[in-house]
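S.K.: Below is model.txt; it holds compact mmCIF, C-alpha atoms.
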```txt
# COMPACT_ATOMS: atom_id res chain seq x y z
CA MET A 1 40.93 19.61 -59.85
CA ALA A 2 37.60 21.12 -58.81
CA THR A 3 35.92 19.52 -61.78
CA SER A 4 37.34 16.12 -60.83
CA SER A 5 36.21 16.49 -57.20
CA ASN A 6 32.69 17.45 -58.21
CA ALA A 7 32.55 14.53 -60.57
CA GLY A 8 33.62 12.20 -57.75
CA ARG A 9 30.85 13.48 -55.49
CA ALA A 10 28.35 13.14 -58.30
CA GLN A 11 29.38 9.53 -58.79
CA LYS A 12 28.80 8.80 -55.07
CA ALA A 13 25.28 10.27 -55.00
CA ARG A 14 22.64 7.56 -55.21
CA PRO A 15 20.09 7.75 -58.00
CA VAL A 16 16.54 8.56 -56.93
CA SER A 17 15.44 5.10 -58.02
CA GLN A 18 17.86 3.52 -55.50
CA ARG A 19 16.85 5.76 -52.61
CA TYR A 20 13.20 4.75 -53.09
CA SER A 21 13.82 1.15 -54.02
CA PRO A 22 11.54 -1.56 -52.55
CA LYS A 23 14.41 -2.77 -50.35
CA ASN A 24 14.99 0.64 -48.77
CA LEU A 25 11.27 1.24 -48.33
CA TRP A 26 10.98 -2.13 -46.58
CA GLU A 27 13.86 -1.28 -44.23
CA ASN A 28 12.23 2.05 -43.34
CA LEU A 29 8.90 0.35 -42.76
CA LYS A 30 10.51 -2.22 -40.46
CA SER A 31 12.10 0.58 -38.42
CA ILE A 32 8.78 2.37 -38.04
CA VAL A 33 6.92 -0.82 -37.11
CA GLY A 34 9.67 -1.76 -34.64
CA ALA A 35 9.50 1.65 -32.94
CA LEU A 36 5.71 1.45 -32.78
CA ALA A 37 5.87 -2.06 -31.28
CA ILE A 38 8.32 -0.89 -28.59
CA PHE A 39 6.02 2.04 -27.77
CA LEU A 40 2.98 -0.22 -27.49
CA VAL A 41 4.82 -2.68 -25.25
CA LEU A 42 6.04 0.10 -22.95
CA ARG A 43 2.54 1.60 -22.85
CA ALA A 44 0.89 -1.74 -22.11
CA PHE A 45 3.31 -3.06 -19.51
CA VAL A 46 5.53 -0.28 -18.13
CA VAL A 47 4.33 3.35 -18.24
CA GLU A 48 1.16 5.04 -19.48
CA ALA A 49 -0.13 8.62 -19.41
CA TYR A 50 -3.30 9.48 -17.49
CA ARG A 51 -5.33 12.69 -17.23
CA ILE A 52 -7.12 13.84 -14.06
CA PRO A 53 -10.69 14.80 -15.04
CA SER A 54 -12.24 15.54 -11.62
CA GLY A 55 -11.45 17.05 -8.24
CA SER A 56 -11.88 13.90 -6.14
CA MET A 57 -8.17 13.79 -5.25
CA ILE A 58 -7.60 17.48 -4.45
CA PRO A 59 -5.09 18.61 -3.20
CA THR A 60 -2.93 15.61 -4.12
CA LEU A 61 -4.06 15.74 -7.76
CA LEU A 62 -5.69 18.66 -9.54
CA VAL A 63 -8.08 18.80 -12.47
CA GLY A 64 -5.87 19.22 -15.52
CA ASP A 65 -2.91 17.24 -14.17
CA TRP A 66 -1.40 14.74 -16.61
CA LEU A 67 0.46 11.86 -14.98
CA PHE A 68 2.82 9.08 -15.87
CA VAL A 69 1.59 5.83 -14.30
CA ASN A 70 3.87 2.94 -13.35
CA LYS A 71 1.99 -0.13 -14.60
CA ALA A 72 4.68 -2.68 -13.71
CA ILE A 73 4.81 -2.16 -9.95
CA TYR A 74 1.54 -3.99 -9.17
CA GLY A 75 1.83 -6.40 -12.11
CA ALA A 76 0.90 -5.03 -15.52
CA HIS A 77 -2.46 -6.16 -16.85
CA VAL A 78 -2.26 -8.24 -20.03
CA PRO A 79 -4.56 -6.58 -22.60
CA PHE A 80 -7.67 -8.49 -23.71
CA SER A 81 -7.38 -10.95 -20.82
CA ARG A 82 -7.87 -11.28 -17.07
CA ALA A 83 -4.21 -12.10 -16.54
CA SER A 84 -1.46 -9.89 -15.11
CA LEU A 85 2.32 -10.08 -15.03
CA PRO A 86 4.05 -10.74 -11.67
CA ALA A 87 3.95 -7.72 -9.36
CA VAL A 88 7.02 -5.98 -7.96
CA ARG A 89 4.99 -5.49 -4.77
CA GLU A 90 1.38 -5.53 -3.62
CA PRO A 91 -0.61 -2.29 -3.21
CA ARG A 92 -0.13 -0.80 0.25
CA ARG A 93 -2.48 1.18 2.41
CA GLY A 94 -1.89 4.85 1.62
CA ASP A 95 -0.86 4.30 -2.02
CA VAL A 96 -2.47 6.38 -4.74
CA VAL A 97 -3.73 3.76 -7.21
CA VAL A 98 -5.10 3.72 -10.76
CA PHE A 99 -7.75 1.02 -11.24
CA VAL A 100 -10.82 0.02 -13.21
CA SER A 101 -13.97 0.79 -11.25
CA PRO A 102 -16.40 -1.96 -10.30
CA TYR A 103 -19.55 -1.87 -12.40
CA GLN A 104 -21.65 1.23 -11.63
CA ALA A 105 -25.26 0.63 -12.67
CA ASP A 106 -26.25 4.27 -12.09
CA GLU A 107 -23.62 5.43 -14.58
CA ALA A 108 -24.85 2.90 -17.15
CA GLU A 109 -28.43 4.18 -16.72
CA ARG A 110 -27.42 7.70 -17.70
CA GLY A 111 -25.37 6.51 -20.66
CA ALA A 112 -21.92 7.01 -19.11
CA ASP A 113 -19.07 4.51 -18.88
CA PRO A 114 -20.06 2.10 -16.06
CA THR A 115 -16.47 0.90 -15.50
CA PRO A 116 -14.25 3.99 -15.86
CA THR A 117 -10.55 4.01 -15.02
CA LEU A 118 -10.18 5.97 -11.77
CA VAL A 119 -7.46 7.17 -9.43
CA LYS A 120 -8.05 7.12 -5.65
CA ARG A 121 -6.15 6.43 -2.45
CA LEU A 122 -6.07 2.90 -1.07
CA VAL A 123 -7.36 3.01 2.52
CA GLY A 124 -8.22 -0.64 3.15
CA THR A 125 -6.44 -3.88 2.26
CA PRO A 126 -7.73 -7.46 2.68
CA GLY A 127 -8.65 -8.20 6.31
CA ASP A 128 -8.83 -4.55 7.39
CA THR A 129 -11.87 -3.43 9.39
CA LEU A 130 -13.00 0.02 8.27
CA TYR A 131 -15.56 2.47 9.57
CA MET A 132 -16.18 6.20 9.75
CA ARG A 133 -17.60 8.19 12.65
CA LYS A 134 -18.24 11.93 12.38
CA GLY A 135 -16.04 12.18 9.31
CA VAL A 136 -13.06 10.36 10.80
CA LEU A 137 -11.92 7.15 9.10
CA TYR A 138 -10.84 4.30 11.38
CA VAL A 139 -8.73 1.39 10.18
CA ASN A 140 -8.64 -1.54 12.60
CA GLY A 141 -9.76 0.83 15.34
CA ILE A 142 -7.07 3.44 14.70
CA ALA A 143 -8.18 6.92 13.63
CA GLN A 144 -6.58 8.06 10.40
CA ARG A 145 -5.63 11.58 9.41
CA ARG A 146 -8.66 13.37 8.03
CA GLY A 147 -7.92 12.80 4.41
CA PHE A 148 -5.05 14.55 2.70
CA GLY A 149 -6.11 18.16 3.09
CA MET A 150 -9.72 17.27 3.80
CA GLY A 151 -10.02 19.79 6.64
CA THR A 152 -12.86 19.92 9.15
CA PRO A 153 -15.73 17.45 8.58
CA ASP A 154 -18.83 19.03 7.10
CA SER A 155 -21.77 18.09 9.35
CA ALA A 156 -24.35 18.97 6.70
CA MET A 157 -22.78 16.92 3.93
CA GLY A 158 -21.63 14.19 6.28
CA THR A 159 -25.17 13.20 7.20
CA SER A 160 -26.29 12.94 3.57
CA VAL A 161 -27.36 9.49 2.41
CA SER A 162 -27.65 7.84 -0.98
CA PRO A 163 -29.32 4.67 -2.25
CA LEU A 164 -25.86 3.77 -3.51
CA PHE A 165 -24.77 3.24 0.12
CA ASP A 166 -27.25 0.40 0.57
CA TRP A 167 -24.76 -2.27 -0.56
CA GLN A 168 -23.01 -1.71 2.78
CA LYS A 169 -25.99 -3.05 4.73
CA LYS A 170 -25.28 -6.56 3.45
CA VAL A 171 -21.65 -6.58 4.59
CA SER A 172 -21.62 -4.29 7.65
CA LEU A 173 -20.99 -5.90 11.04
CA SER A 174 -24.06 -5.92 13.28
CA SER A 175 -21.80 -6.28 16.31
CA SER A 176 -18.05 -5.94 16.83
CA ARG A 177 -15.54 -4.55 19.29
CA PHE A 178 -15.83 -1.29 17.33
CA GLY A 179 -19.59 -1.12 17.84
CA ALA A 180 -22.49 -1.81 15.49
CA ALA A 181 -23.01 -0.31 12.06
CA PRO A 182 -25.60 2.47 11.77
CA ALA A 183 -28.97 1.38 10.42
CA GLN A 184 -28.56 3.80 7.52
CA PRO A 185 -25.01 4.45 6.25
CA SER A 186 -24.23 8.09 5.51
CA LEU A 187 -21.25 9.84 3.99
CA ASP A 188 -19.48 10.31 7.34
CA ASN A 189 -20.94 7.44 9.37
CA TRP A 190 -20.75 3.87 8.07
CA GLY A 191 -19.29 0.49 8.89
CA PRO A 192 -17.62 -1.37 10.38
CA ILE A 193 -17.01 -3.52 7.33
CA VAL A 194 -14.21 -6.01 6.66
CA VAL A 195 -12.34 -5.89 3.35
CA PRO A 196 -12.59 -9.38 1.79
CA PRO A 197 -9.63 -11.33 0.33
CA GLN A 198 -8.34 -10.11 -3.04
CA HIS A 199 -10.24 -6.83 -2.72
CA LEU A 200 -9.35 -3.23 -1.81
CA PHE A 201 -11.23 -0.20 -0.47
CA MET A 202 -10.57 3.14 -2.19
CA MET A 203 -11.43 6.71 -1.19
CA GLY A 204 -10.70 10.12 -2.69
CA ASP A 205 -8.62 12.61 -0.74
CA SER A 206 -11.37 15.20 -1.20
CA ARG A 207 -13.85 13.14 0.81
CA TYR A 208 -16.94 15.28 0.09
CA ASN A 209 -16.18 15.47 -3.62
CA SER A 210 -15.43 11.81 -4.31
CA LYS A 211 -17.58 8.97 -5.55
CA ASP A 212 -15.58 6.02 -4.29
CA SER A 213 -15.84 2.66 -2.51
CA ARG A 214 -18.43 4.10 -0.15
CA TYR A 215 -20.75 4.19 -3.17
CA TRP A 216 -19.73 1.26 -5.38
CA GLY A 217 -18.00 -1.12 -3.02
CA PHE A 218 -14.78 -3.08 -2.93
CA VAL A 219 -12.35 -3.07 -5.85
CA PRO A 220 -11.15 -6.51 -7.04
CA ARG A 221 -7.35 -6.77 -6.91
CA GLU A 222 -7.32 -7.73 -10.59
CA ASN A 223 -8.77 -4.30 -11.46
CA VAL A 224 -5.61 -2.48 -10.32
CA ARG A 225 -3.70 -0.93 -13.22
CA GLY A 226 -0.82 1.02 -11.70
CA LYS A 227 0.61 3.70 -9.43
CA PRO A 228 0.98 7.34 -10.51
CA LEU A 229 4.58 8.52 -10.62
CA PHE A 230 4.66 12.25 -11.31
CA VAL A 231 2.91 15.12 -13.08
CA TYR A 232 4.48 15.72 -16.49
CA TYR A 233 2.09 18.47 -17.58
CA SER A 234 -0.62 20.51 -15.86
CA TYR A 235 -2.88 23.41 -16.70
CA ASN A 236 -5.81 25.14 -15.04
CA ALA A 237 -8.68 23.12 -16.51
CA ASP A 238 -11.18 24.00 -13.80
CA ASP A 239 -11.79 27.75 -13.63
CA SER A 240 -9.36 29.45 -15.99
CA ASP A 241 -10.41 32.84 -17.37
CA ARG A 242 -7.77 32.80 -20.11
CA PRO A 243 -8.24 31.77 -23.75
CA LEU A 244 -6.74 28.40 -24.66
CA PRO A 245 -5.81 27.49 -21.04
CA PRO A 246 -3.78 24.39 -22.11
CA LEU A 247 -1.32 26.88 -23.62
CA THR A 248 -1.86 30.07 -21.62
CA ASP A 249 -2.64 28.82 -18.11
CA ILE A 250 -0.01 26.14 -17.51
CA ARG A 251 0.76 25.30 -13.88
CA TRP A 252 4.53 25.33 -14.18
CA SER A 253 5.04 24.58 -10.49
CA ARG A 254 3.13 21.28 -10.89
CA ILE A 255 5.36 19.88 -13.63
CA GLY A 256 7.67 17.25 -12.16
CA HIS A 257 5.57 16.96 -8.96
CA TRP A 258 5.89 13.43 -7.51
CA ILE A 259 2.68 11.81 -6.32
CA LYS A 260 2.55 10.75 -2.67
```
Mind turning the file's structure into structure tokens?

M.R.:
Amino acid sequence: MATSSNAGRAQKARPVSQRYSPKNLWENLKSIVGALAIFLVLRAFVVEAYRIPSGSMIPTLLVGDWLFVNKAIYGAHVPFSRASLPAVREPRRGDVVVFVSPYQADEAERGADPTPTLVKRLVGTPGDTLYMRKGVLYVNGIAQRRGFGMGTPDSAMGTSVSPLFDWQKKVSLSSSRFGAAPAQPSLDNWGPIVVPPQHLFMMGDSRYNSKDSRYWGFVPRENVRGKPLFVYYSYNADDSDRPLPPLTDIRWSRIGHWIK
């Protein structure tokens, strides 16, 4: 009986030539290509991973945070085109947004990417009048909270100026119910300016550690790429004293943190 059973199992086993036949190889290849296509579609139009490389959004986002970004909410960008899919909703003031930066000539001059993908907080939508006085941001005349963890304005840094602020002189209001714009914009004193149609104004939560719309201007609506969802992985990438910090200095408390 045992001999008969073993013989039956031997008869059911497929020969090696059948297991690696062109038909079976083709079926396996189709499965792999199908899975890859689904991944690429999801990555292009639904969710994509993003790494935080700088401290411009501290404390909301930390250097070494890895995020999942919802690309569908604002209308996913169609690759290799200027088109986007219909949006679930428009970006709102206060949203943390991932977007392609306007062209930065100073970055191009030093050989860096002049249009990097950035993450900042949206502080001005079309039609909003924005200005800062003594480190306080005003939107339509209403003082906003001093950043998200920004703390007390730094008088020394706040008065610093940059040639990159000069674009503001062309769009600042010379007179308005909020007063006139300063002759020379500085980090903490600029505007009022009005956000034009189909454009947005972005700022980092760490106001003195952020190169944002104050430097390179308004962000075209078509440059928006998505809204961060949550941190799926994080490690101390800034000042770790441990070897191999991606493995030995993981911020476990950050994993699963929702972005607000």

S.K.: Please, what distance in Å, to one decimal, runs between CA of Tyr131 (chain A) and CA of Ala181 (chain A)?

M.R.: 8.3 Å

S.K.: Which one is closest to Trp167 (chain A): A:Val78, A:Ala112, A:Ile193, A:Val63? Count all atoms listed in the file.

M.R.: A:Ile193

S.K.: What separation in Å, quoted to one decimal, exists between CA of Lys260 (chain A) and CA of Pro228 (chain A)?

M.R.: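 A separation of 8.7 Å between them.
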
S.K.: Need to verify the contact set: Ser84 (chain A), 12 Å, all atoms listed in the file, exclusion of same-chain residues closer than 2 positions in sequence. Can you return it as a list of chain:residue names?

M.R.: A:Ala44, A:Phe45, A:Lys71, A:Ala72, A:Ile73, A:Tyr74, A:Gly75, A:Ala76, A:His77, A:Val78, A:Pro79, A:Phe80, A:Ser81, A:Arg82, A:Pro86, A:Ala87, A:Val88, A:Arg221, A:Glu222, A:Asn223, A:Val224, A:Arg225, A:Gly226

S.K.: Just the residues within 10 Å of Trp190 (chain A), please, counting only C-alpha atoms, with nothing from its chain fewer than 4 positions along; format it as an MDAnalysis selection string.

M.R.: chainID A and resid 130:135 137 165 168:169 172 180:186 214

S.K.: Pick from A:Pro114, A:Gly191, A:Gly204, A:Gly64: nearest to Leu173 (chain A), with only C-alpha atoms counted?

M.R.: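 Result for the nearest residue to Leu173 (chain A): A:Gly191.
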
S.K.: Need the neighbours of (-4.8, 1.9, -3.4): which residues are at most 6 Å away, counting all atoms listed in the file, as a list in words?

M.R.: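 Within 6 Å of (-4.8, 1.9, -3.4), the protein and nucleic acid residues are Pro91, Asp95, Val96, Val97, Arg121 and Leu122 of chain A.
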
S.K.: Just give me the gap between CA of Ser253 (chain A) and CA of Ile58 (chain A) in Å, one decimal is fine.

M.R.: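 CA of Ser253 (chain A) sits 15.7 Å away from CA of Ile58 (chain A).
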
S.K.: Which one of A:Tyr235, A:Phe218, A:Trp66, A:Trp26 sits closest to Val194 (chain A) if you count only C-alpha atoms?

M.R.: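 Going through A:Tyr235, A:Phe218, A:Trp66, A:Trp26 one by one, the smallest distance to Val194 (chain A) is for A:Phe218.
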
S.K.: Name the closest residue to His199 (chain A) among the candidates A:Val219, A:Ala105, A:Val98, A:Val139; distances are taken between atoms, counting only C-alpha atoms.

M.R.: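 The answer is A:Val219, which sits nearest to His199 (chain A).
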
S.K.: When you count all atoms listed in the file, which of these residues is closest to Trp216 (chain A): A:Gln104, A:Thr129, A:Gln144, A:Ser162?

M.R.: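 Distance minimum relative to Trp216 (chain A) lands on A:Gln104.
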